[in-house]
file data32.csv (CSV, C-alpha atoms)
chain,number,residue,atom,x,y,z
P,1,MET,CA,0.0,0.0,0.0
P,2,SER,CA,2.9,2.3,0.5
P,3,ASN,CA,3.4,2.5,-3.3
P,4,VAL,CA,-0.1,3.7,-3.9
P,5,LYS,CA,-0.3,7.3,-5.3
P,6,SER,CA,-3.3,9.4,-4.4
P,7,LEU,CA,-4.9,12.2,-6.4
P,8,LYS,CA,-7.5,14.5,-4.9
P,9,ILE,CA,-10.0,16.3,-7.2
P,10,MET,CA,-12.6,18.9,-6.2
P,11,THR,CA,-15.4,19.7,-8.6
P,12,GLU,CA,-18.2,22.2,-8.6
P,13,PHE,CA,-20.2,20.3,-11.3
P,14,GLN,CA,-23.4,18.4,-10.4
P,15,HIS,CA,-23.3,15.9,-13.3
P,16,LEU,CA,-20.2,13.8,-12.8
P,17,ASP,CA,-20.6,10.9,-15.3
P,18,ASN,CA,-17.8,12.1,-17.5
P,19,LEU,CA,-15.4,12.7,-14.5
P,20,MET,CA,-16.3,9.3,-13.0
P,21,ASP,CA,-15.7,7.5,-16.2
P,22,ALA,CA,-12.3,9.2,-16.6
P,23,LYS,CA,-11.4,8.3,-13.0
P,24,ALA,CA,-12.3,4.6,-13.7
P,25,SER,CA,-10.4,4.4,-16.9
P,26,PHE,CA,-7.4,6.2,-15.5
P,27,GLU,CA,-7.2,4.0,-12.4
P,28,LYS,CA,-7.5,0.9,-14.6
P,29,ALA,CA,-4.6,2.1,-16.7
P,30,HIS,CA,-2.7,3.1,-13.5
P,31,PRO,CA,-3.3,0.4,-10.8
P,32,ASP,CA,-1.1,2.2,-8.4
P,33,VAL,CA,-3.2,5.4,-8.4
P,34,VAL,CA,-6.3,6.1,-6.3
P,35,ILE,CA,-8.4,9.1,-7.2
P,36,THR,CA,-10.7,10.8,-4.7
P,37,ILE,CA,-13.4,13.2,-5.9
P,38,GLU,CA,-15.0,15.8,-3.6
P,39,GLN,CA,-18.0,18.0,-4.4
P,40,ALA,CA,-17.7,21.7,-3.8
P,41,ALA,CA,-20.9,23.8,-3.3
P,42,ASP,CA,-19.6,26.9,-5.1
P,43,HIS,CA,-16.6,29.0,-6.2
P,44,ALA,CA,-16.1,30.2,-2.6
P,45,GLU,CA,-15.6,26.7,-1.3
P,46,SER,CA,-13.2,25.9,-4.1
P,47,HIS,CA,-11.3,29.1,-3.4
P,48,ARG,CA,-11.0,28.2,0.3
P,49,ALA,CA,-9.8,24.7,-0.5
P,50,LEU,CA,-7.2,26.0,-2.9
P,51,GLN,CA,-5.8,28.2,-0.1
P,52,SER,CA,-5.7,25.6,2.5
P,53,ASP,CA,-2.8,23.4,3.6
P,54,GLU,CA,-4.6,20.4,2.3
P,55,ALA,CA,-5.5,21.8,-1.1
P,56,PRO,CA,-6.9,19.4,-3.8
P,57,ASP,CA,-4.6,18.5,-6.6
P,58,ILE,CA,-7.1,19.4,-9.2
P,59,VAL,CA,-10.1,21.8,-9.1
P,60,GLU,CA,-12.8,21.8,-11.7
P,61,SER,CA,-15.1,24.8,-11.9
P,62,GLY,CA,-17.8,26.2,-14.1
P,63,GLY,CA,-17.5,29.7,-15.5
P,64,TRP,CA,-14.0,31.2,-15.3
P,65,SER,CA,-14.0,33.5,-12.2
P,66,ILE,CA,-11.8,31.3,-10.0
P,67,PHE,CA,-9.2,30.9,-12.9
P,68,ASN,CA,-8.8,34.7,-13.0
P,69,ARG,CA,-7.3,34.6,-9.5
P,70,LYS,CA,-3.5,34.8,-9.8
P,71,GLY,CA,-1.4,32.2,-8.0
P,72,LEU,CA,-4.0,29.6,-7.4
P,73,PHE,CA,-3.2,27.3,-10.4
P,74,VAL,CA,-0.2,26.0,-12.3
P,75,ASP,CA,0.3,27.5,-15.7
P,76,LEU,CA,-0.3,24.6,-18.1
P,77,LEU,CA,1.0,26.4,-21.2
P,78,PRO,CA,4.6,25.2,-20.7
P,79,ARG,CA,3.3,21.7,-20.4
P,80,VAL,CA,1.2,22.0,-23.5
P,81,GLU,CA,4.3,23.3,-25.4
P,82,GLU,CA,6.3,20.2,-24.2
P,83,ILE,CA,4.1,17.8,-26.1
P,84,PRO,CA,4.8,17.8,-29.8
P,85,GLY,CA,1.8,19.1,-31.8
P,86,LEU,CA,-0.5,19.7,-28.9
P,87,LYS,CA,-0.5,23.5,-29.0
P,88,ASP,CA,-1.4,23.4,-32.7
P,89,ASP,CA,-4.0,20.8,-32.1
P,90,LEU,CA,-5.9,22.8,-29.4
P,91,ASN,CA,-8.7,24.7,-30.9
P,92,PRO,CA,-7.5,28.3,-31.4
P,93,GLY,CA,-10.9,29.9,-30.6
P,94,VAL,CA,-11.0,28.0,-27.3
P,95,MET,CA,-7.4,28.9,-26.5
P,96,ARG,CA,-8.0,32.6,-27.4
P,97,VAL,CA,-10.4,32.7,-24.5
P,98,ALA,CA,-8.8,30.3,-22.0
P,99,GLY,CA,-5.4,31.9,-22.5
P,100,LYS,CA,-6.6,35.5,-22.6
P,101,ASP,CA,-4.0,36.6,-20.0
P,102,GLY,CA,-1.1,34.8,-21.7
P,103,THR,CA,-1.3,31.8,-19.3
P,104,LEU,CA,-3.4,28.6,-19.2
P,105,PRO,CA,-4.7,28.1,-15.7
P,106,GLY,CA,-6.9,25.2,-16.7
P,107,LEU,CA,-7.9,22.9,-19.5
P,108,PRO,CA,-11.3,23.9,-20.7
P,109,VAL,CA,-14.2,21.6,-20.0
P,110,ASP,CA,-18.0,22.0,-20.3
P,111,VAL,CA,-17.5,24.0,-23.5
P,112,ALA,CA,-20.6,25.4,-25.2
P,113,LEU,CA,-21.7,28.2,-27.6
P,114,PRO,CA,-25.0,29.1,-29.0
P,115,LEU,CA,-26.4,28.7,-32.6
P,116,ILE,CA,-29.9,28.6,-34.0
P,117,LEU,CA,-31.6,25.2,-34.3
P,118,TYR,CA,-34.8,25.0,-36.4
P,119,LYS,CA,-37.5,22.5,-36.3
P,120,ARG,CA,-38.0,21.3,-39.9
P,121,GLU,CA,-41.6,20.1,-39.4
P,122,LEU,CA,-42.8,23.5,-38.3
P,123,PHE,CA,-41.2,25.1,-41.4
P,124,ASP,CA,-42.7,22.5,-43.7
P,125,ASN,CA,-46.1,23.0,-42.2
P,126,ALA,CA,-45.9,26.7,-42.9
P,127,GLY,CA,-44.4,26.2,-46.4
P,128,LEU,CA,-41.4,28.2,-45.5
P,129,PRO,CA,-37.8,27.6,-46.6
P,130,TYR,CA,-35.2,26.6,-44.0
P,131,PRO,CA,-32.9,29.3,-42.7
P,132,ARG,CA,-29.6,29.8,-44.6
P,133,GLU,CA,-26.2,30.8,-43.5
P,134,GLY,CA,-25.6,34.6,-43.7
P,135,TRP,CA,-29.3,35.5,-43.0
P,136,THR,CA,-29.9,38.8,-41.4
P,137,TRP,CA,-31.6,39.8,-38.1
P,138,GLU,CA,-34.5,41.2,-40.1
P,139,GLU,CA,-34.9,37.9,-42.0
P,140,MET,CA,-34.9,36.0,-38.8
P,141,ILE,CA,-37.6,38.2,-37.2
P,142,GLU,CA,-39.8,38.1,-40.3
P,143,THR,CA,-39.5,34.3,-40.3
P,144,ALA,CA,-40.3,34.1,-36.6
P,145,LYS,CA,-43.4,36.3,-37.1
P,146,LYS,CA,-44.7,33.9,-39.7
P,147,LEU,CA,-44.1,31.0,-37.4
P,148,THR,CA,-45.7,32.5,-34.3
P,149,LEU,CA,-49.3,31.3,-34.0
P,150,ARG,CA,-51.9,32.6,-31.4
P,151,ASN,CA,-55.4,31.4,-30.6
P,152,GLU,CA,-58.5,33.5,-30.4
P,153,ARG,CA,-57.5,34.6,-26.9
P,154,GLY,CA,-54.2,35.8,-28.1
P,155,VAL,CA,-52.3,33.1,-26.4
P,156,ALA,CA,-49.4,31.6,-28.4
P,157,THR,CA,-49.8,28.0,-29.4
P,158,GLN,CA,-46.5,28.2,-31.3
P,159,PHE,CA,-43.6,30.7,-31.0
P,160,GLY,CA,-41.3,31.7,-33.8
P,161,LEU,CA,-38.2,31.9,-31.6
P,162,GLY,CA,-37.3,30.2,-28.3
P,163,PHE,CA,-35.0,32.5,-26.3
P,164,GLY,CA,-34.4,33.1,-22.7
P,165,VAL,CA,-33.9,36.3,-20.6
P,166,ASP,CA,-30.3,36.5,-19.6
P,167,VAL,CA,-27.5,39.0,-20.2
P,168,GLU,CA,-25.2,36.2,-21.3
P,169,GLU,CA,-27.7,35.0,-24.0
P,170,PHE,CA,-28.0,38.6,-25.3
P,171,GLU,CA,-24.2,39.0,-25.5
P,172,PRO,CA,-23.6,37.2,-28.9
P,173,PHE,CA,-26.0,39.7,-30.6
P,174,VAL,CA,-24.2,42.6,-28.8
P,175,MET,CA,-20.8,41.2,-30.1
P,176,ARG,CA,-22.2,40.7,-33.6
P,177,ASN,CA,-23.4,44.3,-33.6
P,178,GLY,CA,-19.8,45.5,-32.8
P,179,GLY,CA,-20.4,46.1,-29.0
P,180,ARG,CA,-18.9,44.7,-25.8
P,181,TYR,CA,-20.0,44.8,-22.2
P,182,VAL,CA,-16.7,45.6,-20.6
P,183,SER,CA,-13.2,46.7,-21.5
P,184,PRO,CA,-10.7,44.0,-22.8
P,185,ASP,CA,-8.9,44.0,-19.4
P,186,GLY,CA,-12.2,43.7,-17.5
P,187,THR,CA,-11.7,46.8,-15.4
P,188,THR,CA,-14.7,48.9,-16.5
P,189,ALA,CA,-18.0,48.9,-18.3
P,190,ARG,CA,-17.9,52.6,-18.9
P,191,GLY,CA,-17.3,53.4,-22.6
P,192,TYR,CA,-18.4,49.8,-23.5
P,193,ALA,CA,-21.8,48.7,-22.1
P,194,ASP,CA,-23.1,52.2,-22.5
P,195,GLN,CA,-22.2,52.6,-26.2
P,196,LEU,CA,-24.6,52.7,-29.2
P,197,PRO,CA,-23.8,49.2,-30.6
P,198,VAL,CA,-24.9,47.6,-27.3
P,199,ILE,CA,-28.0,49.8,-27.0
P,200,GLU,CA,-29.0,49.2,-30.6
P,201,ALA,CA,-28.7,45.4,-30.2
P,202,TYR,CA,-30.8,45.5,-27.1
P,203,ARG,CA,-33.5,47.6,-28.8
P,204,LEU,CA,-33.8,44.9,-31.5
P,205,LEU,CA,-33.9,42.2,-29.0
P,206,ILE,CA,-36.5,43.9,-26.8
P,207,ASP,CA,-38.6,44.6,-29.8
P,208,ALA,CA,-38.7,40.9,-30.6
P,209,TYR,CA,-40.5,40.4,-27.3
P,210,ARG,CA,-42.6,43.5,-27.1
P,211,VAL,CA,-43.4,44.6,-30.7
P,212,HIS,CA,-43.1,41.5,-32.8
P,213,ARG,CA,-44.1,39.1,-30.0
P,214,VAL,CA,-42.2,36.2,-31.5
P,215,ILE,CA,-40.5,35.3,-28.1
P,216,ARG,CA,-42.4,34.4,-25.0
P,217,ARG,CA,-42.2,37.3,-22.5
P,218,PRO,CA,-41.4,36.5,-18.9
P,219,GLY,CA,-44.6,35.3,-17.2
P,220,GLU,CA,-46.6,35.3,-20.5
P,221,PRO,CA,-49.3,32.5,-20.7
P,222,SER,CA,-48.4,30.0,-23.4
P,223,GLU,CA,-49.8,26.9,-25.0
P,224,ALA,CA,-46.7,26.2,-27.0
P,225,GLY,CA,-45.4,23.4,-24.8
P,226,GLU,CA,-41.8,22.8,-24.0
P,227,LEU,CA,-38.9,24.1,-26.0
P,228,HIS,CA,-38.7,21.0,-28.2
P,229,GLU,CA,-42.4,21.2,-29.0
P,230,GLY,CA,-43.9,24.5,-30.1
P,231,PHE,CA,-40.8,26.6,-31.0
P,232,ALA,CA,-39.7,26.9,-34.6
P,233,LEU,CA,-36.4,28.6,-34.1
P,234,ILE,CA,-34.4,27.9,-30.9
P,235,PHE,CA,-31.4,29.8,-29.6
P,236,GLY,CA,-29.6,26.7,-28.5
P,237,PHE,CA,-26.4,26.1,-26.7
P,238,ALA,CA,-24.5,22.8,-27.0
P,239,TRP,CA,-26.6,21.6,-24.0
P,240,PHE,CA,-29.8,21.7,-26.1
P,241,ALA,CA,-28.0,20.3,-29.1
P,242,GLY,CA,-26.8,17.5,-26.9
P,243,ALA,CA,-30.4,16.6,-26.0
P,244,VAL,CA,-31.3,16.6,-29.7
P,245,VAL,CA,-28.5,14.1,-30.4
P,246,ARG,CA,-29.2,12.0,-27.2
P,247,TYR,CA,-32.8,11.5,-28.2
P,248,GLY,CA,-32.0,10.7,-31.8
P,249,LEU,CA,-33.8,13.8,-33.2
P,250,GLU,CA,-31.0,14.9,-35.6
P,251,ASP,CA,-33.3,14.4,-38.6
P,252,LYS,CA,-35.9,16.7,-37.1
P,253,TYR,CA,-33.6,19.7,-36.6
P,254,GLY,CA,-31.3,21.8,-38.7
P,255,VAL,CA,-28.6,24.1,-37.4
P,256,VAL,CA,-27.7,27.5,-38.8
P,257,GLY,CA,-25.4,30.4,-37.6
P,258,LEU,CA,-26.7,33.4,-35.7
P,259,PRO,CA,-28.1,36.1,-37.9
P,260,ARG,CA,-26.0,39.0,-39.1
P,261,MET,CA,-26.5,42.2,-37.1
P,262,PRO,CA,-26.4,45.7,-38.5
P,263,GLY,CA,-22.9,46.1,-37.0
P,264,GLY,CA,-21.7,43.3,-39.3
P,265,GLU,CA,-19.2,41.6,-37.0
P,266,ASN,CA,-18.9,37.8,-37.2
P,267,ALA,CA,-18.5,36.9,-33.5
P,268,ASN,CA,-20.0,34.7,-30.8
P,269,MET,CA,-19.6,34.1,-27.1
P,270,ILE,CA,-18.4,30.9,-25.5
P,271,TYR,CA,-19.2,29.4,-22.2
P,272,MET,CA,-16.7,27.0,-20.6
P,273,GLY,CA,-15.4,25.8,-17.3
P,274,ALA,CA,-12.0,24.4,-16.7
P,275,ALA,CA,-10.0,21.8,-14.7
P,276,GLY,CA,-6.7,23.2,-13.3
P,277,ILE,CA,-3.9,21.9,-11.1
P,278,SER,CA,-3.6,23.6,-7.7
P,279,ALA,CA,-0.4,25.6,-7.2
P,280,LYS,CA,-0.1,23.7,-3.9
P,281,SER,CA,-0.4,20.2,-5.4
P,282,PRO,CA,2.6,17.9,-4.6
P,283,ASN,CA,1.4,15.6,-7.5
P,284,ARG,CA,1.7,17.9,-10.5
P,285,GLU,CA,3.0,15.3,-12.9
P,286,LEU,CA,0.3,12.8,-12.0
P,287,ALA,CA,-2.4,15.6,-12.1
P,288,TRP,CA,-1.3,16.7,-15.5
P,289,ALA,CA,-1.4,13.1,-16.7
P,290,PHE,CA,-5.0,12.8,-15.5
P,291,LEU,CA,-6.0,16.1,-17.0
P,292,ARG,CA,-4.7,15.0,-20.4
P,293,HIS,CA,-6.6,11.8,-20.1
P,294,TYR,CA,-9.8,13.5,-18.9
P,295,ALA,CA,-10.0,16.4,-21.4
P,296,LEU,CA,-7.8,15.5,-24.4
P,297,GLU,CA,-7.7,11.7,-24.9
P,298,ARG,CA,-11.2,10.2,-24.6
P,299,PRO,CA,-13.4,10.3,-27.8
P,300,GLU,CA,-16.0,8.1,-26.0
P,301,ALA,CA,-16.7,11.1,-23.7
P,302,PHE,CA,-18.4,12.8,-26.6
P,303,ARG,CA,-20.7,10.0,-27.8
P,304,GLN,CA,-23.7,11.5,-26.0
P,305,ALA,CA,-22.3,14.8,-24.7
P,306,ASN,CA,-23.5,18.4,-24.0
P,307,THR,CA,-20.0,19.8,-24.5
P,308,LEU,CA,-17.5,20.3,-27.3
P,309,PRO,CA,-14.0,18.7,-27.6
P,310,ILE,CA,-11.2,21.2,-27.4
P,311,THR,CA,-8.7,19.7,-29.8
P,312,ARG,CA,-9.1,19.2,-33.6
P,313,SER,CA,-8.0,15.6,-33.4
P,314,LEU,CA,-10.5,14.8,-30.6
P,315,ALA,CA,-13.3,16.4,-32.6
P,316,GLU,CA,-12.4,14.2,-35.6
P,317,ARG,CA,-12.1,11.0,-33.5
P,318,SER,CA,-15.4,11.8,-31.8
P,319,GLY,CA,-17.2,12.2,-35.1
P,320,TYR,CA,-18.0,15.9,-34.4
P,321,THR,CA,-16.5,17.2,-37.6
P,322,VAL,CA,-18.9,15.2,-39.8
P,323,HIS,CA,-22.0,15.0,-37.5
P,324,PRO,CA,-25.1,16.8,-38.9
P,325,VAL,CA,-25.5,18.9,-35.7
P,326,TRP,CA,-22.1,19.0,-34.0
P,327,ARG,CA,-20.2,19.9,-37.2
P,328,ARG,CA,-21.7,23.4,-37.2
P,329,TYR,CA,-20.8,24.0,-33.5
P,330,ILE,CA,-17.2,23.0,-34.2
P,331,GLU,CA,-17.0,25.4,-37.1
P,332,GLU,CA,-18.3,28.3,-34.9
P,333,LEU,CA,-15.4,27.9,-32.4
P,334,ASP,CA,-13.3,29.9,-34.9
P,335,PHE,CA,-15.3,33.0,-34.1
P,336,VAL,CA,-15.7,33.0,-30.4
P,337,GLN,CA,-14.6,36.0,-28.3
P,338,THR,CA,-14.1,36.5,-24.6
P,339,SER,CA,-17.3,37.3,-22.8
P,340,GLY,CA,-17.8,40.0,-20.2
P,341,PHE,CA,-18.5,37.5,-17.5
P,342,TYR,CA,-15.0,36.0,-18.1
P,343,LEU,CA,-13.3,39.3,-18.1
P,344,SER,CA,-14.9,40.8,-15.0
P,345,GLU,CA,-15.9,39.0,-11.8
P,346,LYS,CA,-17.8,42.1,-10.7
P,347,TRP,CA,-19.8,42.1,-13.9
P,348,ASN,CA,-20.5,38.4,-13.6
P,349,SER,CA,-21.7,38.7,-10.0
P,350,SER,CA,-24.2,41.4,-11.1
P,351,ARG,CA,-25.9,39.1,-13.6
P,352,GLN,CA,-29.1,38.7,-11.6
P,353,LEU,CA,-29.5,42.5,-11.1
P,354,ILE,CA,-29.0,43.0,-14.8
P,355,ASN,CA,-31.5,40.3,-15.7
P,356,GLU,CA,-34.1,42.0,-13.5
P,357,GLU,CA,-33.6,45.2,-15.5
P,358,ILE,CA,-33.9,43.3,-18.8
P,359,ILE,CA,-37.2,41.9,-17.6
P,360,ARG,CA,-38.4,45.5,-16.8
P,361,MET,CA,-37.4,46.6,-20.4
P,362,ILE,CA,-39.4,43.7,-21.8
P,363,ASN,CA,-42.5,43.7,-19.5
P,364,GLU,CA,-42.7,47.3,-18.4
P,365,GLY,CA,-41.2,49.1,-21.4
P,366,ALA,CA,-38.4,50.6,-19.3
P,367,ASP,CA,-36.2,52.9,-21.5
P,368,VAL,CA,-33.6,50.8,-23.2
P,369,ALA,CA,-30.8,53.4,-23.5
P,370,ARG,CA,-31.3,54.9,-20.0
P,371,THR,CA,-31.3,51.4,-18.4
P,372,ILE,CA,-28.2,50.2,-20.2
P,373,ARG,CA,-26.2,53.3,-19.6
P,374,GLY,CA,-26.8,52.6,-15.9
P,375,TRP,CA,-25.0,49.3,-16.2
P,376,THR,CA,-21.7,51.0,-16.0
P,377,ARG,CA,-22.1,50.7,-12.2
P,378,PHE,CA,-21.8,46.9,-12.5
P,379,ALA,CA,-18.1,46.9,-13.6
call {"tool": "encode", "arguments": {"input": "data32.csv", "output": "structure tokens"}}
result
Amino acid sequence: MSNVKSLKIMTEFQHLDNLMDAKASFEKAHPDVVITIEQAADHAESHRALQSDEAPDIVESGGWSIFNRKGLFVDLLPRVEEIPGLKDDLNPGVMRVAGKDGTLPGLPVDVALPLILYKRELFDNAGLPYPREGWTWEEMIETAKKLTLRNERGVATQFGLGFGVDVEEFEPFVMRNGGRYVSPDGTTARGYADQLPVIEAYRLLIDAYRVHRVIRRPGEPSEAGELHEGFALIFGFAWFAGAVVRYGLEDKYGVVGLPRMPGGENANMIYMGAAGISAKSPNRELAWAFLRHYALERPEAFRQANTLPITRSLAERSGYTVHPVWRRYIEELDFVQTSGFYLSEKWNSSRQLINEEIIRMINEGADVARTIRGWTRFA
């Protein structure tokens, strides 16, 4: 027993199938290694653990805020560069965000971005052509208007566009209109969130709820059913696409890029967590071996996944580059940009307050420009 090596992992994720599978396969290949997995309640618990004398070897966290804290994690970039071909194999879009500060504090996991999925049957029923790449915001709205159906009481039985109410979900349209929420260094929203490209994008989005009524408003009565039922166009992250694949519905849905905005920028946001090696870990080599196995070497992890592989070779071996749904998500990784919630922890922590103000713009008609200009207080 004295030759047994131990590796301690702390994770904030709730669904641990992928991590448990990686633990099992790694321990099978390394009989002298025992891996212990602990669940953290939130970022704060992970942060405390990383600062303790008994810090875990690896911490896995959603979002990116904990990885912005200097000194907590080992920089993995030198280790990446030691492996022939790995740096070139890592997706450049993913790395542009993960390595935004010139270091790599963790290997990205739980990687997702949004595209538009469309339900072929609802288009066929309406006699409408399917969306095509390069379509405009105006074309999307006109299509959604034709696909929104209401009964004699004015209650929607079908919505043209399935879309949530969240500052993060609005962000791709802000980016594509040439706007950004915060400065590149994350220090301020002044001169960014309060600028015309952001305000214009929000006006278009709010009009989709209030004027065109193609998106369900918060609290609005609906007979359209669940997202996979009575919604013709769906703003869908990889999580929704994963459900489409998991339930064998690939033939019922098509995938197309987000519409072009008046600002004309081809950009998208990306969500991802990461798994990083604690700066206090005494088992850095073993931890790095496990991270490689977990995030870079297992195509089986993407057979029925809600996330995207982060290397080109793994995307190919997983079948994502030829899959009718996943192929378009892999292509979109070329255009992802760093989101405001990755750049600024203060902005990210204000998400609920901002969302409440978005709801007021939608439901109460609060002035869009005045409301958004007030968001400079959040970063």
call {"tool": "closest_residue", "arguments": {"input": "data32.csv", "among": "P:Lys5, P:Arg312, P:His15, P:Arg217", "to": "Val34 (chain P)", "atoms": "all atoms listed in the file"}}
result
P:Lys5
call {"tool": "atom_distance", "arguments": {"input": "data32.csv", "atom1": "CA of Phe302 (chain P)", "atom2": "CA of Val244 (chain P)"}}
result
13.8 Å
call {"tool": "atom_distance", "arguments": {"input": "data32.csv", "atom1": "CA of Gly178 (chain P)", "atom2": "CA of Asn266 (chain P)"}}
result
8.9 Å
call {"tool": "residues_around", "arguments": {"input": "data32.csv", "residues": "Lys70 (chain P)", "least_positions_apart": "3", "cutoff": "12 Å", "atoms": "all atoms listed in the file", "output": "PyMOL selection string"}}
result
chain P and resi 47+50-51+65-67+73-75+101+103-105+278-279
call {"tool": "closest_residue", "arguments": {"input": "data32.csv", "among": "P:Ala126, P:Ile199, P:Ala241, P:Leu308", "to": "Thr371 (chain P)", "atoms": "only C-alpha atoms"}}
result
P:Ile199
call {"tool": "decode", "arguments": {"input": "data32.csv", "residues": "region 353-373 of chain P", "atoms": "N, CA and C atoms", "output": "compact mmCIF listing (two decimals), in the first residue's frame"}}
result
# COMPACT_ATOMS: atom_id res chain seq x y z
N LEU P 353 -29.01 41.09 -11.12
CA LEU P 353 -29.51 42.46 -11.12
C LEU P 353 -29.75 42.95 -12.54
N ILE P 354 -28.81 42.64 -13.43
CA ILE P 354 -28.96 43.04 -14.83
C ILE P 354 -30.17 42.35 -15.45
N ASN P 355 -30.33 41.04 -15.16
CA ASN P 355 -31.46 40.30 -15.72
C ASN P 355 -32.80 40.89 -15.27
N GLU P 356 -32.86 41.35 -14.03
CA GLU P 356 -34.10 41.98 -13.55
C GLU P 356 -34.41 43.24 -14.33
N GLU P 357 -33.37 43.97 -14.71
CA GLU P 357 -33.59 45.18 -15.50
C GLU P 357 -33.97 44.84 -16.94
N ILE P 358 -33.45 43.73 -17.47
CA ILE P 358 -33.86 43.29 -18.80
C ILE P 358 -35.35 42.94 -18.79
N ILE P 359 -35.80 42.27 -17.74
CA ILE P 359 -37.22 41.92 -17.62
C ILE P 359 -38.07 43.18 -17.57
N ARG P 360 -37.61 44.22 -16.88
CA ARG P 360 -38.36 45.48 -16.84
C ARG P 360 -38.44 46.13 -18.22
N MET P 361 -37.36 46.02 -18.99
CA MET P 361 -37.41 46.56 -20.35
C MET P 361 -38.44 45.80 -21.19
N ILE P 362 -38.51 44.48 -21.00
CA ILE P 362 -39.43 43.66 -21.79
C ILE P 362 -40.87 43.84 -21.32
N ASN P 363 -41.10 43.71 -20.04
CA ASN P 363 -42.48 43.67 -19.54
C ASN P 363 -43.07 45.05 -19.23
N GLU P 364 -42.21 45.99 -18.85
CA GLU P 364 -42.73 47.30 -18.44
C GLU P 364 -42.38 48.42 -19.41
N GLY P 365 -41.58 48.12 -20.41
CA GLY P 365 -41.20 49.14 -21.37
C GLY P 365 -40.20 50.14 -20.84
N ALA P 366 -39.39 49.74 -19.85
CA ALA P 366 -38.36 50.64 -19.33
C ALA P 366 -37.45 51.10 -20.47
N ASP P 367 -37.05 52.35 -20.44
CA ASP P 367 -36.23 52.93 -21.51
C ASP P 367 -34.94 52.16 -21.68
N VAL P 368 -34.70 51.67 -22.89
CA VAL P 368 -33.55 50.80 -23.15
C VAL P 368 -32.24 51.55 -22.96
N ALA P 369 -32.10 52.70 -23.59
CA ALA P 369 -30.83 53.43 -23.52
C ALA P 369 -30.52 53.86 -22.09
N ARG P 370 -31.51 54.41 -21.40
CA ARG P 370 -31.28 54.88 -20.03
C ARG P 370 -30.92 53.70 -19.12
N THR P 371 -31.62 52.58 -19.28
CA THR P 371 -31.35 51.41 -18.45
C THR P 371 -29.94 50.90 -18.67
N ILE P 372 -29.55 50.75 -19.92
CA ILE P 372 -28.25 50.17 -20.23
C ILE P 372 -27.11 51.10 -19.83
N ARG P 373 -27.30 52.38 -19.99
CA ARG P 373 -26.25 53.32 -19.57
C ARG P 373 -26.01 53.24 -18.06
